[in-house]
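Student: So that we are looking at the same thing, I have put the structure below in structure tokens.
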Amino acid sequence: MTTLIAFESSADETSVAIVKDGRTVLSNAVATQINSHQRFGGIVPEVASRHHLEWITKTLDIALADADIAVEDIDAVAVTYGPGLVGSLLVGLMGAKTFALAHDLPLIPVNHLAGHIAAANFNQPIIYPALALMVSGGHTELVLMNHANDFQILGETFDDAAGESYDKVGRLLDLPYPAGKAIDEMAQKGQVTIAFPQAMAKEAGYNFSFSGLKSAVINQVHNAEQRDETINPEDLAASFQAAVIKALVERTGRALRDFPVKSFVLAGGVAANSGLRSALAELLEDFPETEFIPVPKQYTGDNAAMIGAAGYWNFQDGIFADLDLNTNPGLDF
Ligand code: KG4
Ligand code: ZN
């Protein structure tokens, strides 16, 4: 049995969790600072760092109390060292190092993106080889995995990430940041009335592009304003969401056909999207040999439990770091 304490502070959530054997969450304390960033329409790095500083020890106390275990029962400390905002990452990293030093525990470096994917193990254990679609505010990637610590990027976005396009369209619709959840809810009430063009529709491969779609939505709204017409915002949300989902499902289908895998993982903040989950579930009906393993909705956003899940595999593979571990803000797989 391996029990890890995990620290996550890469963006605007300060989180500490305690996870057993990479699958059982004993506690997962998450402090979100979204309210502080909303009036700026995005994360303000300086504000984020200050919040992390304020919350890191509080979330640590809550995680320890909720898990109801003795510190002596913890085997190692897992921490996100990238990608993310450097000033934010540093706070979690310092917290993790201090905890490791104080309790003489090994330190495990964890890639935030690997963490998002590993959270699928809270649903059911990932079966390899696996294909993962990682869709968040900063990343949109199709990744082939032969085991837990092996990542081959098949495709990625050339410009905006899927979540980023939700947030930018949200700004246009005057929705508070981040807008993914609100647009998702609006889309469910609307009709697809506008057929937005698909970027790179004729290209083979597994890459994505979402900035053209964002511009198309902006143009649609501006043109309607000039003609004094009104567009139903719910229909606009439904049409935009349909275009995002179509792009994600199409590339995923292509990858699944080209690389037969035992499981398909849907991960990252956008994985909470109801339309995306059901569209992919439908796609997977054509692949009976492939198990669909979406990350449970409560673990799709940033949290430390997912870092504990990924850290477990690093622990198994003997991947540890010294106390001079630095952040890597631009880290990819
Ligand atoms: O993974 P995450 O919490 O943070 C990053 O590492 O980026 O992802 C946040 C992103 C935001 O862009 C947010 O708008 C989007 O996930 N998001 C959604 C939904 N819930 C969150 N996008 C679409 N539909 C949702 N239900
Ligand atoms: Zn994330």
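Within each chain, counting starts at residue 1; across the structure tokens, chains are named A, B, ... in the order shown, with ligands numbered 1 upward in that order.
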Please produce, as a Markdown table, a per-residue contact table for segment 97-181 of chain A versus segment 36-49 of chain A (criterion: any atom at most 12 Å away, only C-alpha atoms considered), showing the nearest atom pair and its distance in Å to one decimal, sorted by chain then residue number.
Tutor:
| residue | atom | partner | partner_atom | distance |
| --- | --- | --- | --- | --- |
| A:Gly137 | CA | A:Gly42 | CA | 10.7 |
| A:Gly138 | CA | A:Ile43 | CA | 12.0 |
| A:Glu164 | CA | A:Gly42 | CA | 10.1 |
| A:Asp167 | CA | A:Gly42 | CA | 8.6 |
| A:Lys168 | CA | A:Gly41 | CA | 9.1 |
| A:Val169 | CA | A:Gly41 | CA | 11.6 |
| A:Gly170 | CA | A:Gly41 | CA | 9.5 |
| A:Arg171 | CA | A:Gly41 | CA | 7.3 |
| A:Leu172 | CA | A:Gly41 | CA | 10.9 |
| A:Asp174 | CA | A:Gly41 | CA | 9.8 |
| A:Leu175 | CA | A:Gly41 | CA | 9.3 |
| A:Pro176 | CA | A:Gln38 | CA | 6.0 |
| A:Tyr177 | CA | A:Gln38 | CA | 5.3 |
| A:Pro178 | CA | A:Gly42 | CA | 7.4 |
| A:Ala179 | CA | A:Gly41 | CA | 9.8 |
Student: Can I get the selected residues back with N, CA and C atoms, as a short mmCIF file (atom, residue, chain, number, x, y, z; two decimals), in the first residue's frame?
Tutor:
data_model
loop_
_atom_site.label_atom_id
_atom_site.label_comp_id
_atom_site.auth_asym_id
_atom_site.auth_seq_id
_atom_site.Cartn_x
_atom_site.Cartn_y
_atom_site.Cartn_z
N GLY A 137 -7.92 24.38 -20.35
CA GLY A 137 -7.84 25.80 -20.70
C GLY A 137 -6.57 26.12 -21.46
N GLY A 138 -5.54 25.31 -21.28
CA GLY A 138 -4.25 25.59 -21.91
C GLY A 138 -3.81 24.56 -22.93
N GLU A 164 -9.87 27.44 -23.90
CA GLU A 164 -9.59 28.85 -24.16
C GLU A 164 -10.64 29.43 -25.12
N ASP A 167 -13.68 30.17 -23.24
CA ASP A 167 -13.54 31.36 -22.40
C ASP A 167 -13.60 32.64 -23.23
N LYS A 168 -13.04 32.60 -24.45
CA LYS A 168 -13.05 33.79 -25.31
C LYS A 168 -14.46 34.07 -25.85
N VAL A 169 -15.17 33.01 -26.22
CA VAL A 169 -16.56 33.20 -26.67
C VAL A 169 -17.41 33.67 -25.48
N GLY A 170 -17.08 33.19 -24.30
CA GLY A 170 -17.77 33.62 -23.08
C GLY A 170 -17.66 35.12 -22.87
N ARG A 171 -16.47 35.65 -23.14
CA ARG A 171 -16.24 37.09 -22.99
C ARG A 171 -17.16 37.86 -23.93
N LEU A 172 -17.30 37.33 -25.14
CA LEU A 172 -18.17 37.96 -26.15
C LEU A 172 -19.62 37.96 -25.68
N ASP A 174 -20.51 38.11 -22.64
CA ASP A 174 -20.53 38.75 -21.31
C ASP A 174 -20.71 37.77 -20.17
N LEU A 175 -20.14 36.60 -20.32
CA LEU A 175 -20.22 35.60 -19.24
C LEU A 175 -18.96 35.71 -18.38
N PRO A 176 -19.07 35.44 -17.08
CA PRO A 176 -17.87 35.51 -16.24
C PRO A 176 -16.87 34.42 -16.60
N TYR A 177 -15.58 34.71 -16.37
CA TYR A 177 -14.50 33.76 -16.62
C TYR A 177 -14.43 32.73 -15.48
N PRO A 178 -14.17 31.46 -15.74
CA PRO A 178 -14.10 30.79 -17.03
C PRO A 178 -15.51 30.40 -17.49
N ALA A 179 -15.76 30.44 -18.79
CA ALA A 179 -17.14 30.39 -19.28
C ALA A 179 -17.60 29.00 -19.73
#
Student: Between chain A and ligand 1, at 7 Å or less, what are the per-residue closest atom pairs and their distances in Å? Count only C-alpha atoms and all ligand atoms, order by chain and rising residue number, and return it as JSON lines.
Tutor:
{"residue": "A:Ser136", "atom": "CA", "partner": "ligand 1", "partner_atom_place_in_ligand_line": "8 (O)", "distance": 4.0}
{"residue": "A:Gly137", "atom": "CA", "partner": "ligand 1", "partner_atom_place_in_ligand_line": "7 (O)", "distance": 3.2}
{"residue": "A:Gly138", "atom": "CA", "partner": "ligand 1", "partner_atom_place_in_ligand_line": "7 (O)", "distance": 4.6}
{"residue": "A:His139", "atom": "CA", "partner": "ligand 1", "partner_atom_place_in_ligand_line": "7 (O)", "distance": 6.8}
{"residue": "A:Gly163", "atom": "CA", "partner": "ligand 1", "partner_atom_place_in_ligand_line": "12 (O)", "distance": 3.3}
{"residue": "A:Glu164", "atom": "CA", "partner": "ligand 1", "partner_atom_place_in_ligand_line": "12 (O)", "distance": 4.8}
{"residue": "A:Tyr166", "atom": "CA", "partner": "ligand 1", "partner_atom_place_in_ligand_line": "14 (O)", "distance": 5.6}
{"residue": "A:Asp167", "atom": "CA", "partner": "ligand 1", "partner_atom_place_in_ligand_line": "14 (O)", "distance": 5.2}
{"residue": "A:Pro178", "atom": "CA", "partner": "ligand 1", "partner_atom_place_in_ligand_line": "14 (O)", "distance": 4.4}
{"residue": "A:Ala179", "atom": "CA", "partner": "ligand 1", "partner_atom_place_in_ligand_line": "14 (O)", "distance": 4.7}
{"residue": "A:Gly180", "atom": "CA", "partner": "ligand 1", "partner_atom_place_in_ligand_line": "14 (O)", "distance": 3.3}
{"residue": "A:Lys181", "atom": "CA", "partner": "ligand 1", "partner_atom_place_in_ligand_line": "26 (N)", "distance": 3.8}
{"residue": "A:Ile183", "atom": "CA", "partner": "ligand 1", "partner_atom_place_in_ligand_line": "24 (N)", "distance": 6.8}
{"residue": "A:Asp184", "atom": "CA", "partner": "ligand 1", "partner_atom_place_in_ligand_line": "24 (N)", "distance": 5.0}
{"residue": "A:Gly268", "atom": "CA", "partner": "ligand 1", "partner_atom_place_in_ligand_line": "1 (O)", "distance": 4.2}
{"residue": "A:Gly269", "atom": "CA", "partner": "ligand 1", "partner_atom_place_in_ligand_line": "8 (O)", "distance": 3.3}
{"residue": "A:Val270", "atom": "CA", "partner": "ligand 1", "partner_atom_place_in_ligand_line": "22 (N)", "distance": 3.8}
{"residue": "A:Ala271", "atom": "CA", "partner": "ligand 1", "partner_atom_place_in_ligand_line": "25 (C)", "distance": 6.8}
{"residue": "A:Ala272", "atom": "CA", "partner": "ligand 1", "partner_atom_place_in_ligand_line": "26 (N)", "distance": 4.5}
{"residue": "A:Asn273", "atom": "CA", "partner": "ligand 1", "partner_atom_place_in_ligand_line": "26 (N)", "distance": 3.6}
{"residue": "A:Ser274", "atom": "CA", "partner": "ligand 1", "partner_atom_place_in_ligand_line": "26 (N)", "distance": 6.4}
{"residue": "A:Thr300", "atom": "CA", "partner": "ligand 1", "partner_atom_place_in_ligand_line": "1 (O)", "distance": 6.4}
{"residue": "A:Gly301", "atom": "CA", "partner": "ligand 1", "partner_atom_place_in_ligand_line": "3 (O)", "distance": 3.4}
{"residue": "A:Asp302", "atom": "CA", "partner": "ligand 1", "partner_atom_place_in_ligand_line": "3 (O)", "distance": 4.4}
Student: Compile a residue-level contact table for chain A against ligand 2 at a cut-off of 12 Å, reporting for every qualifying residue the shortest atom pair and its distance in Å to one decimal, with only C-alpha atoms and all ligand atoms counted, rows ordered by chain and ascending number, as a tab-separated table.
Tutor:
residue	atom	partner	partner_atom_place_in_ligand_line	distance
A:Glu8	CA	ligand 2	1 (Zn)	9.6
A:Ser9	CA	ligand 2	1 (Zn)	9.8
A:Ser10	CA	ligand 2	1 (Zn)	7.7
A:Ala11	CA	ligand 2	1 (Zn)	7.6
A:Asp12	CA	ligand 2	1 (Zn)	9.5
A:Glu13	CA	ligand 2	1 (Zn)	9.3
A:Thr14	CA	ligand 2	1 (Zn)	11.8
A:Ser15	CA	ligand 2	1 (Zn)	11.9
A:Thr80	CA	ligand 2	1 (Zn)	10.4
A:Gly82	CA	ligand 2	1 (Zn)	10.2
A:Pro83	CA	ligand 2	1 (Zn)	8.8
A:Gly84	CA	ligand 2	1 (Zn)	8.5
A:Leu85	CA	ligand 2	1 (Zn)	11.4
A:Asn111	CA	ligand 2	1 (Zn)	10.2
A:His112	CA	ligand 2	1 (Zn)	6.5
A:Leu113	CA	ligand 2	1 (Zn)	6.7
A:Ala114	CA	ligand 2	1 (Zn)	9.8
A:Gly115	CA	ligand 2	1 (Zn)	8.3
A:His116	CA	ligand 2	1 (Zn)	6.5
A:Ile117	CA	ligand 2	1 (Zn)	10.0
A:Ala119	CA	ligand 2	1 (Zn)	11.3
A:Met134	CA	ligand 2	1 (Zn)	9.3
A:Val135	CA	ligand 2	1 (Zn)	8.7
A:Ser136	CA	ligand 2	1 (Zn)	6.0
A:Gly137	CA	ligand 2	1 (Zn)	7.0
A:Gly138	CA	ligand 2	1 (Zn)	7.5
A:His139	CA	ligand 2	1 (Zn)	8.3
A:Thr140	CA	ligand 2	1 (Zn)	10.9
A:Ala161	CA	ligand 2	1 (Zn)	11.7
A:Gly163	CA	ligand 2	1 (Zn)	10.3
A:Glu164	CA	ligand 2	1 (Zn)	11.9
A:Ala267	CA	ligand 2	1 (Zn)	9.3
A:Gly268	CA	ligand 2	1 (Zn)	6.0
A:Gly269	CA	ligand 2	1 (Zn)	6.4
A:Val270	CA	ligand 2	1 (Zn)	9.6
A:Ala271	CA	ligand 2	1 (Zn)	10.9
A:Tyr299	CA	ligand 2	1 (Zn)	10.3
A:Thr300	CA	ligand 2	1 (Zn)	8.2
A:Gly301	CA	ligand 2	1 (Zn)	6.1
A:Asp302	CA	ligand 2	1 (Zn)	4.7
A:Asn303	CA	ligand 2	1 (Zn)	8.0
A:Ala304	CA	ligand 2	1 (Zn)	10.3
A:Met306	CA	ligand 2	1 (Zn)	9.8
A:Ile307	CA	ligand 2	1 (Zn)	10.5
Student: Excluding same-chain residues fewer than 4 positions from Ala130 of chain A, what lies within 7 Å of it counting only C-alpha atoms, as a list in words?
Tutor: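 Here the answer would be Leu144, Met145, Asn146, Val261, Lys262, Ser263 and Phe264 of chain A.
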Student: May I have the residues from that selection written out with C-alpha atoms, as a JSON list (two decimals), in the first residue's frame?
Tutor:
[["chain", "number", "residue", "atom", "x", "y", "z"],
["A", 144, "LEU", "CA", -1.09, 7.60, -27.15],
["A", 145, "MET", "CA", 0.06, 5.73, -24.05],
["A", 146, "ASN", "CA", 1.62, 2.27, -23.84],
["A", 261, "VAL", "CA", -6.33, 0.73, -28.12],
["A", 262, "LYS", "CA", -7.84, -0.99, -25.10],
["A", 263, "SER", "CA", -9.13, 2.21, -23.52],
["A", 264, "PHE", "CA", -9.92, 5.82, -24.36]]
Student: Per DSSP on the backbone, what are the helix (DSSP H, G or I) residues of segment 33-253 of chain A, as a PyMOL selection string?
Tutor: chain A and resi 34-38+45-67+71-73+86-103+112-122+162-172+180-189+211-226+233-253
Student: Include C-alpha atoms and write out the residues we just selected as an mmCIF file, in the first residue's frame.
Tutor:
data_model
loop_
_atom_site.group_PDB
_atom_site.id
_atom_site.type_symbol
_atom_site.label_atom_id
_atom_site.label_comp_id
_atom_site.auth_asym_id
_atom_site.auth_seq_id
_atom_site.Cartn_x
_atom_site.Cartn_y
_atom_site.Cartn_z
ATOM 1 C CA ILE A 34 -11.771 32.287 -9.574
ATOM 2 C CA ASN A 35 -13.739 35.169 -7.986
ATOM 3 C CA SER A 36 -10.566 37.241 -7.671
ATOM 4 C CA HIS A 37 -9.772 36.902 -11.364
ATOM 5 C CA GLN A 38 -13.267 37.239 -12.844
ATOM 6 C CA PRO A 45 -0.426 35.804 -12.265
ATOM 7 C CA GLU A 46 0.566 38.115 -9.413
ATOM 8 C CA VAL A 47 -2.862 37.806 -7.783
ATOM 9 C CA ALA A 48 -2.768 34.019 -8.236
ATOM 10 C CA SER A 49 0.603 33.668 -6.453
ATOM 11 C CA ARG A 50 -0.587 35.699 -3.482
ATOM 12 C CA HIS A 51 -3.713 33.560 -3.159
ATOM 13 C CA HIS A 52 -1.665 30.368 -3.280
ATOM 14 C CA LEU A 53 0.558 31.698 -0.492
ATOM 15 C CA GLU A 54 -2.498 32.439 1.612
ATOM 16 C CA TRP A 55 -4.143 29.067 1.011
ATOM 17 C CA ILE A 56 -1.346 26.511 0.793
ATOM 18 C CA THR A 57 -1.082 25.792 4.533
ATOM 19 C CA LYS A 58 -4.868 25.946 4.978
ATOM 20 C CA THR A 59 -5.508 23.375 2.248
ATOM 21 C CA LEU A 60 -2.712 21.232 3.705
ATOM 22 C CA ASP A 61 -4.384 21.296 7.142
ATOM 23 C CA ILE A 62 -7.785 20.435 5.618
ATOM 24 C CA ALA A 63 -6.352 17.573 3.527
ATOM 25 C CA LEU A 64 -4.640 16.045 6.563
ATOM 26 C CA ALA A 65 -7.712 16.433 8.778
ATOM 27 C CA ASP A 66 -10.137 15.061 6.151
ATOM 28 C CA ALA A 67 -7.991 12.000 5.422
ATOM 29 C CA VAL A 71 1.719 11.779 8.890
ATOM 30 C CA GLU A 72 3.788 8.627 9.560
ATOM 31 C CA ASP A 73 1.460 6.737 7.203
ATOM 32 C CA VAL A 86 5.829 30.066 -12.574
ATOM 33 C CA GLY A 87 4.829 32.144 -9.538
ATOM 34 C CA SER A 88 1.903 29.801 -8.862
ATOM 35 C CA LEU A 89 3.866 26.583 -9.355
ATOM 36 C CA LEU A 90 6.577 27.816 -6.971
ATOM 37 C CA VAL A 91 4.184 28.050 -4.035
ATOM 38 C CA GLY A 92 3.029 24.408 -4.294
ATOM 39 C CA LEU A 93 6.589 23.284 -4.966
ATOM 40 C CA MET A 94 7.903 25.065 -1.868
ATOM 41 C CA GLY A 95 5.050 23.644 0.196
ATOM 42 C CA ALA A 96 5.783 20.123 -1.028
ATOM 43 C CA LYS A 97 9.538 20.441 -0.494
ATOM 44 C CA THR A 98 9.042 21.788 3.007
ATOM 45 C CA PHE A 99 6.702 18.912 3.871
ATOM 46 C CA ALA A 100 9.149 16.379 2.407
ATOM 47 C CA LEU A 101 12.095 17.871 4.293
ATOM 48 C CA ALA A 102 10.224 18.159 7.589
ATOM 49 C CA HIS A 103 8.999 14.560 7.490
ATOM 50 C CA HIS A 112 0.136 18.497 -14.513
ATOM 51 C CA LEU A 113 -1.060 17.063 -17.861
ATOM 52 C CA ALA A 114 -0.215 13.514 -16.780
ATOM 53 C CA GLY A 115 -2.197 14.281 -13.636
ATOM 54 C CA HIS A 116 -5.323 15.198 -15.614
ATOM 55 C CA ILE A 117 -5.112 11.861 -17.463
ATOM 56 C CA ALA A 118 -4.321 9.786 -14.353
ATOM 57 C CA ALA A 119 -7.569 11.063 -12.771
ATOM 58 C CA ALA A 120 -9.373 8.587 -15.071
ATOM 59 C CA ASN A 121 -8.189 5.911 -12.609
ATOM 60 C CA PHE A 122 -10.753 7.321 -10.146
ATOM 61 C CA ALA A 162 -10.546 24.104 -26.603
ATOM 62 C CA GLY A 163 -11.189 25.580 -23.132
ATOM 63 C CA GLU A 164 -9.586 28.845 -24.165
ATOM 64 C CA SER A 165 -12.037 29.155 -27.072
ATOM 65 C CA TYR A 166 -14.928 28.624 -24.630
ATOM 66 C CA ASP A 167 -13.539 31.359 -22.397
ATOM 67 C CA LYS A 168 -13.053 33.794 -25.310
ATOM 68 C CA VAL A 169 -16.555 33.198 -26.670
ATOM 69 C CA GLY A 170 -17.775 33.622 -23.084
ATOM 70 C CA ARG A 171 -16.245 37.093 -22.990
ATOM 71 C CA LEU A 172 -18.169 37.956 -26.148
ATOM 72 C CA GLY A 180 -17.015 26.690 -20.245
ATOM 73 C CA LYS A 181 -19.647 25.492 -17.796
ATOM 74 C CA ALA A 182 -22.044 28.394 -18.501
ATOM 75 C CA ILE A 183 -21.787 27.950 -22.297
ATOM 76 C CA ASP A 184 -22.326 24.213 -21.854
ATOM 77 C CA GLU A 185 -25.542 24.919 -19.918
ATOM 78 C CA MET A 186 -26.730 27.511 -22.457
ATOM 79 C CA ALA A 187 -25.952 25.136 -25.333
ATOM 80 C CA GLN A 188 -28.234 22.509 -23.831
ATOM 81 C CA LYS A 189 -31.139 24.963 -24.024
ATOM 82 C CA SER A 211 -8.929 30.333 -33.252
ATOM 83 C CA GLY A 212 -10.770 30.468 -36.606
ATOM 84 C CA LEU A 213 -13.932 29.239 -34.914
ATOM 85 C CA LYS A 214 -13.618 31.930 -32.249
ATOM 86 C CA SER A 215 -13.245 34.582 -34.999
ATOM 87 C CA ALA A 216 -16.243 33.150 -36.873
ATOM 88 C CA VAL A 217 -18.377 33.476 -33.728
ATOM 89 C CA ILE A 218 -17.193 37.065 -33.207
ATOM 90 C CA ASN A 219 -17.941 37.940 -36.856
ATOM 91 C CA GLN A 220 -21.385 36.384 -36.613
ATOM 92 C CA VAL A 221 -22.242 38.559 -33.624
ATOM 93 C CA HIS A 222 -20.800 41.755 -35.118
ATOM 94 C CA ASN A 223 -22.560 41.230 -38.453
ATOM 95 C CA ALA A 224 -25.875 40.673 -36.692
ATOM 96 C CA GLU A 225 -25.325 43.854 -34.655
ATOM 97 C CA GLN A 226 -24.666 45.850 -37.821
ATOM 98 C CA PRO A 233 -27.361 33.514 -27.271
ATOM 99 C CA GLU A 234 -28.435 29.962 -26.463
ATOM 100 C CA ASP A 235 -28.518 29.071 -30.155
ATOM 101 C CA LEU A 236 -25.113 30.709 -30.608
ATOM 102 C CA ALA A 237 -23.747 28.667 -27.679
ATOM 103 C CA ALA A 238 -25.257 25.461 -29.106
ATOM 104 C CA SER A 239 -23.820 26.157 -32.567
ATOM 105 C CA PHE A 240 -20.349 26.986 -31.194
ATOM 106 C CA GLN A 241 -20.329 23.939 -28.915
ATOM 107 C CA ALA A 242 -21.436 21.668 -31.788
ATOM 108 C CA ALA A 243 -18.447 22.887 -33.854
ATOM 109 C CA VAL A 244 -15.962 22.267 -30.999
ATOM 110 C CA ILE A 245 -17.364 18.809 -30.337
ATOM 111 C CA LYS A 246 -17.325 17.923 -34.030
ATOM 112 C CA ALA A 247 -13.617 18.767 -34.297
ATOM 113 C CA LEU A 248 -12.737 16.798 -31.148
ATOM 114 C CA VAL A 249 -14.840 13.753 -32.067
ATOM 115 C CA GLU A 250 -13.592 13.644 -35.648
ATOM 116 C CA ARG A 251 -9.879 13.638 -34.728
ATOM 117 C CA THR A 252 -10.496 11.174 -31.912
ATOM 118 C CA GLY A 253 -12.323 8.816 -34.286
#
Student: Let's see if you can do this: from backbone DSSP, list all strand (DSSP E or B) residues in segment 58-256 of chain A, as a VMD selection string.
Tutor: chain A and resid 76 to 82 107 to 111 130 to 135 140 to 145 152 to 157 208
Student: What lies within 7 Å of Val265 of chain A using only C-alpha atoms, ignoring chain neighbours under 4 positions off, as a list of chain:residue names?
Tutor: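 Residues near the query, excluding close chain neighbours: A:Ile117, A:Ala120, A:Leu131, A:Ala132, A:Leu133, A:Phe292, A:Ile293, A:Pro294.
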Student: Which residue, A:Ala310, A:Val77, A:Ile127, A:Val143, has the smallest gap to Asp104 of chain A when you use only C-alpha atoms?
Tutor: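 Of all the options, A:Val77 lies closest to Asp104 of chain A.
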Student: Near Asp159 of chain A, within 9 Å and counting only C-alpha atoms, which residues show up once chain neighbours fewer than 5 positions away are dropped, as a short mmCIF file (atom, residue, chain, number, x, y, z; two decimals) with C-alpha atoms, in the first residue's frame?
Tutor:
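Saved to result28.cif:
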data_model
loop_
_atom_site.label_atom_id
_atom_site.label_comp_id
_atom_site.auth_asym_id
_atom_site.auth_seq_id
_atom_site.Cartn_x
_atom_site.Cartn_y
_atom_site.Cartn_z
CA PHE A 208 -6.64 20.97 -33.92
CA SER A 209 -7.24 24.67 -34.52
CA PHE A 210 -9.85 26.70 -32.65
CA SER A 211 -8.93 30.33 -33.25
#
